[in-house]
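Below is one structure; the comments refer to it alone.
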Amino acid sequence: MSVDDPRALFRAIFAAAVTAADSAQVVRDFLPPRPKGRTVVVGAGKASTEMARAFERVWDGSLEGVVVTRHGQGVPCERIRVLHSAHPVPDAAGLAASEALLKAVAGLTADDLVVALISGGGSALLPAPPPGLTLDDEIAVNRALLASGAPISAMNTLRKHVSTIKGGRLALAAHPARVVTLVVSDIPGDNPAFVASGPTVPDTASRADALKIAVDWRLDLPDAVMAHLRSPAADAPRPDDPRLARNEIHVIASAAISLDAAAAEARKAGIETMILSDSIEGEAREVGSVHAAIAREIAARDRPFRKPVLLLSGGETTVTLRGKGGRGGRNAEFLLSLALGIDGVPGIHAFAADTDGIDGTQDNAGAFADSTSAARMRAAGADPRAALMRNDAWSAFDAVGDLFVSGPTGTNVNDLRAVLVR
């Protein structure tokens, strides 16, 4: 692994980032004391089954429970039931999963313990519309948010006000049992209330905040949803609710931790590495343009860092849909914009991937790019600029064989972006 083999370098730092968020490594460090009564495990997200299996292996008492993950993903557990539902758009299986989690925590006592295993993706996996709303209404909310370009914090603020399980409501359903929440964070800034819309973690955001998000982002929401957001029924529990006073919340893995691990892996090979930020948000194509500008400045003027240097960043960008039928997630769109920004500038290589192993709706985690990518795409009959305009970055990178496929990783701490200037 060296600056002379950028793709080997990128694969190695991706592996290091994923390992740093491995549930088997981190769950054992946050085990709560055994309770007098029952131990019930609940969970939701792309890493929930891996977290559940890790918990089973290190917990020395009896336990029961249920977790939900995405269709086609997850690992089997021995004592914890595993359910599957749809992501990123909810389905009927998600309704059943939400009902199962709420049933699992019903009727508990103050001597019982609930361990909530929460990771990114749980918002879509746990649809639970309030009375007067339907699954179709919640699907409409998700579709509008996904197409809006709104940051994940705004998305989850709105989602939790259109739910009977998110925004701390699952923790309330478990009262008077004590709830200990272990979070694998995919949220810029690692606010646990925003991960999976916080089923067991309330925050201070109000329904007025949710309404403002709907207006500011011009969301086309069903009339019934807007009426609900204007009613007291949308109010979510607050962090100072006395029924939640005994509960604990721990972020056990995050983008910051994984970026540090990726940087350490590169530095072991003698590569100077700089972490720009672990919480970059914004339009993927715009973030790509900014990274490209920094790389060009280094290549031409050795500022703000001297080459050779590896730049790392994390966080979660967004994509505002402009075209129809395009394939490609936020990492591919980031890279395609960056590829156009470094077109013909020698010595620059880049990589971006989602640490859960899935970028968008295809089977790739992300892609590779360099200063020849745009030219190679054009030679292969793919117009990179046109592909960017129709949100079809996947097709552009597929045309030149530059997609990165890792398979599902069992964790989810957001995106890893790397730019190498040789």
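Naming scheme: A, B, ... for chains in displayed order of the structure tokens; residues 1 onward per chain; ligands 1 onward as shown.
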Task: helix (DSSP H, G or I) positions in segment 186-336 of chain A, given as a count of residues only - done: 68
Could you list, with a cut-off of 12 Å and counting only C-alpha atoms, the residues of segment 295-406 of chain A near segment 75-91 of chain A, each shown with its nearest atom pair and the distance in Å rounded to one decimal, rows sorted by chain and ascending number, as a Markdown table?
| residue | atom | partner | partner_atom | distance |
| --- | --- | --- | --- | --- |
| A:Gly329 | CA | A:Pro88 | CA | 11.9 |
| A:Ile358 | CA | A:His87 | CA | 11.2 |
| A:Asp359 | CA | A:Pro88 | CA | 11.4 |
| A:Gly360 | CA | A:Pro88 | CA | 8.9 |
| A:Thr361 | CA | A:Pro88 | CA | 8.6 |
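Around Gly149 of chain A, within 7 Å and counting only C-alpha atoms, the residues found are Glu283, Thr318, Val319 and Thr320 of chain A, once anything fewer than 6 positions away on its own chain is removed.
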Task: Contacts of Leu219 of chain A within 12 Å, only C-alpha atoms, excl. fewer than 4 positions in-chain, as a PyMOL selection string - done: chain A and resi 140-150+154-155+158+210-215+223+225-226
Task: Contact residues around Asn331 of chain A with only C-alpha atoms at 6 Å, ignoring same-chain residues under 3 positions, as an NGL selection string - done: :A and (334 or 352-353 or 366)
- [ ] Identify which of the residues A:Ala124, A:Leu244, A:Ile298, A:Ala173 lies closest to Leu108 of chain A, counting only C-alpha atoms when measuring atom-to-atom distances.
- [x] A:Ala173
